[in-house]
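This report refers to the structure that appears directly beneath it.
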Amino acid sequence: MTGGTARRALWVGASFVLVFGIWEWAGRWPISPAFPSFSQTVLALGRMAADGSLARAYASTLQPLLIGVAISAAVGVGAGVAMGLSRSIEWLTLPLFVIAQAAPMAAIIPLITYMYGIGLTAKVLAVTILAIPVIAMNSYKGIRNTSPSLLEMCRAFLGTRRQAVWKVVLPYAAGLIFVGLRLGVAMGFIGVVIAELLITPTGIGDLITYHSSVADYPEMFAAIASIVALGALAVHGLQRLEQRLFPPEIRG
Amino acid sequence: MTDAAVEARGVGKRYGTGVEALRDVSVAFPRGRLTTLLGPSGCGKTTLLKIVAGLVAPTSGEVRVQGRPVEGPGPERAFVFQDFALLPWATVLRNVAFGLELRGVPREARHETARRWIGEVGLTGFEESYPHQLSGGMRQRVGLARALAVDAEIILMDEPFSAVDEQTRRKFQEDLLVLLRDRGRTVIFVTHSIEEAVYLSDQIVLLTPRPGTVHRIIQPSVERGRRNPDEIRRDKGYLDAVDEIWQVLKRHVG
């Protein structure tokens, strides 16, 4: 470990201690009877892990999340690459994705419930409408940013259009496509939590709603904190993977 | 003079924006010789090179390569790019072999050819390096090796040394002459450096700008033989040619 990374670990650690410290202090003060301290929340998390309710909740929450993210990855990358490669497809579909990315898509979720009910389909849809636009837009930008000079090189050395796409355009865009997937996963977490809070309380959404309704505030906070932590860790893990697979110096 | 490997006849190029890059350019590029397109920026020299390469279509006139009109890039021409145009995610070996890869040459065969050319340009030991790990001069050696590896008779070089520092540039010019000696390749070389043009060329095409036209064609009488580079740079023919070209070009500067 070099001096730089050691110093960094120290400050990052200090950041956690500071936030959890303020949380603990605010909970003990207390600023509100509904605001538990950090230690109460950790204990509640332990209880929920021990009685299995946390594991059952995640088994149910992760299902629409994983299915939704898988569908979003396929559709988003596919649409983004198609828009990047074809002007007609770009003109046809790009406005859709631009609007979808800018609009508060959560507003559509009640409409999804109306059309698809309260089952798994509706929740998967909630994940996809949030995740697809960002994945598609990043893939599209990745393809469009391909260095014109590399494309000219490919042509000069007699590369066909297909070869240019497979050997130059897609490798060039891979880094940005992966960024899109990482952001898509982050959006997927938002989508699944909104779905579980707005459509039907299941999984982690159920834990949050139930414990808040019976005023078990430490449990409610523990459920919220656990999904925040899981989302942050998943996205951070993808970011680490991204830096290993596509370090900036080979991204072109 | 020997017969022409490449011939431009009345070539003109007007871009969609109305800018006329070239007007009525007719030049013959002798087989097995190095011809430089020399001129200030805006004289259309890179445009002319890309028309020969088949990367840009002329708006009038035509280019013939070995007697056949150019309709696009061809296997008998290879290009060396000003900005190197190397795949940043590929090793030196794959970059040098890339032209062969696009032609469907099997991996073993193309890597063997690539290794040989990597050796010729002096990069042995860097086969598994990535472009970002190399200096500008070394990157351009990769670009040159890639062009030589496809075994094209005509090598087109677009200001290949403009992005490298002066010392590297001189060494590279000397190595280029050694590399090309006795191989019978026809080279068309774009530069804005008078010294570089005179040092390297059998024939210099002087272009003047707005629109780009051929001002004069010069065959510098530099006694090159197998003399060392410093002798060439002190040669009377070399110095006279540099001066003669400067007298022409300085009217177009500023």
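Residues are named by chain letter and number: chains run A, B, ... in the order of the structure tokens, numbers start at 1 in each chain, and ligands are numbered from 1 in the order shown.
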Near chain B, meaning an atom within 10 Å, which residues of chain A appear when counting only C-alpha atoms? Write them as a ChimeraX atom specification. /A:147-160,163-164,167-168,171-172,246-252
If you count only C-alpha atoms, which residues fall within 7 Å of range 228-240 of chain A, apart from same-chain ones fewer than 2 positions away, as a list in words?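 Final neighbour list, sorted by chain and number: Arg182, Val185, Ala186, Phe189, Ile224, Ala225, Ser226, Glu242, Gln243 and Arg244 of chain A.
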Tell me which protein, DNA and RNA residues are within 9 Å of range 180-188 of chain B, counting only C-alpha atoms, leaving out same-chain ones fewer than 5 positions away, and put them as a list in words. Ala5, Val6, Phe29, Pro30, Arg31, Gly32, Arg33, Leu34, Thr35, Thr36, Leu37, Leu49, Ala152, Glu153, Ile154, Ile155, Leu156, Met157, Asp158 and Asp175 of chain B
Suppose we keep C-alpha atoms; can you now write the selection as a PDB file, in the first residue's frame?
```
ATOM      1  CA  ALA B   5       2.949   3.947 -60.636  1.00  0.00           C
ATOM      2  CA  VAL B   6       0.399   6.643 -59.886  1.00  0.00           C
ATOM      3  CA  PHE B  29       4.550   9.546 -59.495  1.00  0.00           C
ATOM      4  CA  PRO B  30       7.408   7.398 -60.817  1.00  0.00           C
ATOM      5  CA  ARG B  31       7.519   3.743 -59.831  1.00  0.00           C
ATOM      6  CA  GLY B  32       9.949   2.827 -57.090  1.00  0.00           C
ATOM      7  CA  ARG B  33      10.639   6.438 -56.153  1.00  0.00           C
ATOM      8  CA  LEU B  34       9.765   8.694 -53.287  1.00  0.00           C
ATOM      9  CA  THR B  35       7.748  11.739 -54.274  1.00  0.00           C
ATOM     10  CA  THR B  36       6.937  14.468 -51.798  1.00  0.00           C
ATOM     11  CA  LEU B  37       3.892  16.703 -51.915  1.00  0.00           C
ATOM     12  CA  LEU B  49      -3.008  12.085 -50.982  1.00  0.00           C
ATOM     13  CA  ALA B 152       1.550  -2.791 -50.848  1.00  0.00           C
ATOM     14  CA  GLU B 153       3.675  -1.449 -53.666  1.00  0.00           C
ATOM     15  CA  ILE B 154       2.574   2.082 -52.975  1.00  0.00           C
ATOM     16  CA  ILE B 155       2.987   3.659 -49.544  1.00  0.00           C
ATOM     17  CA  LEU B 156       1.074   6.879 -48.865  1.00  0.00           C
ATOM     18  CA  MET B 157       2.363   8.895 -45.924  1.00  0.00           C
ATOM     19  CA  ASP B 158       0.428  11.855 -44.580  1.00  0.00           C
ATOM     20  CA  ASP B 175      15.616   4.942 -40.849  1.00  0.00           C
TER      21      ASP B 175
END
```
Sel. of strand (DSSP E) residues, range 199-231 of chain B, as a ChimeraX atom specification: /B:203-208,213-218
Keeping only C-alpha atoms, write those residues as a tab-separated table (two decimals), in the first residue's frame.
```
chain	number	residue	atom	x	y	z
B	203	GLN	CA	10.91	14.18	-56.77
B	204	ILE	CA	9.21	17.11	-55.06
B	205	VAL	CA	5.82	18.41	-56.14
B	206	LEU	CA	5.50	22.00	-54.97
B	207	LEU	CA	1.91	22.96	-54.35
B	208	THR	CA	0.65	26.49	-53.78
B	213	THR	CA	-2.28	23.81	-57.78
B	214	VAL	CA	1.03	22.34	-58.87
B	215	HIS	CA	3.51	25.17	-58.93
B	216	ARG	CA	6.57	23.26	-59.94
B	217	ILE	CA	8.05	19.77	-59.93
B	218	ILE	CA	11.62	19.51	-58.76
```
Write out as a list in words the residues lying within 8 Å of Phe161 in chain B, counting only C-alpha atoms and excluding same-chain residues fewer than 6 positions away. Gln82, Gly137, Gln140, Arg169 and Phe172 of chain B
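Separating CA of Pro160 in chain B from CA of Gly143 in chain B is a distance of 8.8 Å.
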Nearest candidate to Asn138 in chain A (options A:Met48, A:Ile22, A:Val81, A:Ile71; using only C-alpha atoms):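 The closest residue to Asn138 in chain A is A:Val81.
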Can you measure CA of Asp243 in chain B to CA of Glu7 in chain B for me? One decimal in Å is fine.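 A separation of 27.7 Å between them.
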Excluding Thr202 in chain A and any residue of its chain fewer than 2 positions from it, enumerate the residues within 8 Å of it, using only C-alpha atoms, and give them as a ChimeraX atom specification. /A:57,60-61,196,200,204-207
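With only C-alpha atoms as the atoms that count, the minimum distance from Asp24 in chain B to the choices B:Ser41, B:Gln173, B:Thr59, B:Thr46 is reached by B:Thr59.
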Neighbours of Val142 in chain B within 7 Å (only C-alpha atoms; same-chain residues fewer than 3 positions away dropped), as a PyMOL selection string? chain B and resi 92+96+138-139+145-146
Writing out the chosen residues with N, CA and C atoms as a PDB file, in the first residue's frame:
```
ATOM      1  N   VAL B  92       0.817  -3.747 -29.926  1.00  0.00           N
ATOM      2  CA  VAL B  92       1.611  -3.399 -31.107  1.00  0.00           C
ATOM      3  C   VAL B  92       1.488  -4.509 -32.151  1.00  0.00           C
ATOM      4  N   VAL B  96       0.016  -3.874 -35.861  1.00  0.00           N
ATOM      5  CA  VAL B  96       0.820  -4.055 -37.074  1.00  0.00           C
ATOM      6  C   VAL B  96       0.161  -5.084 -37.990  1.00  0.00           C
ATOM      7  N   MET B 138       7.644   6.143 -31.603  1.00  0.00           N
ATOM      8  CA  MET B 138       7.450   4.687 -31.651  1.00  0.00           C
ATOM      9  C   MET B 138       6.069   4.348 -32.200  1.00  0.00           C
ATOM     10  N   ARG B 139       5.079   5.157 -31.848  1.00  0.00           N
ATOM     11  CA  ARG B 139       3.737   4.890 -32.381  1.00  0.00           C
ATOM     12  C   ARG B 139       3.738   4.979 -33.890  1.00  0.00           C
ATOM     13  N   ALA B 145       4.993   0.185 -39.818  1.00  0.00           N
ATOM     14  CA  ALA B 145       5.082  -1.284 -39.920  1.00  0.00           C
ATOM     15  C   ALA B 145       3.763  -1.865 -40.423  1.00  0.00           C
ATOM     16  N   ARG B 146       2.641  -1.297 -39.957  1.00  0.00           N
ATOM     17  CA  ARG B 146       1.329  -1.783 -40.400  1.00  0.00           C
ATOM     18  C   ARG B 146       1.184  -1.601 -41.914  1.00  0.00           C
TER      19      ARG B 146
END
```
Please provide the set of residues having any atom within 9 Å of Leu43 in chain A, restricted to only C-alpha atoms, with same-chain residues fewer than 3 positions apart removed, written as a PyMOL selection string. chain A and resi 38-40+46-48+218-219+222
Go ahead and dump the residues you just picked, C-alpha atoms, as a PDB file, in the first residue's frame.
```pdb
ATOM      1  CA  PHE A  38     -27.322   4.578  14.182  1.00  0.00           C
ATOM      2  CA  SER A  39     -26.771   1.895  16.825  1.00  0.00           C
ATOM      3  CA  GLN A  40     -30.509   1.164  17.161  1.00  0.00           C
ATOM      4  CA  GLY A  46     -29.233  -7.670  13.039  1.00  0.00           C
ATOM      5  CA  ARG A  47     -32.642  -8.797  14.275  1.00  0.00           C
ATOM      6  CA  MET A  48     -34.105  -8.763  10.775  1.00  0.00           C
ATOM      7  CA  PRO A 218     -35.303   1.279  13.726  1.00  0.00           C
ATOM      8  CA  GLU A 219     -36.497  -1.619  11.520  1.00  0.00           C
ATOM      9  CA  ALA A 222     -32.598  -0.633   8.730  1.00  0.00           C
TER      10      ALA A 222
END
```
What separation in Å, quoted to one decimal, exists between CA of Val105 in chain B and CA of Leu93 in chain B? 14.2 Å
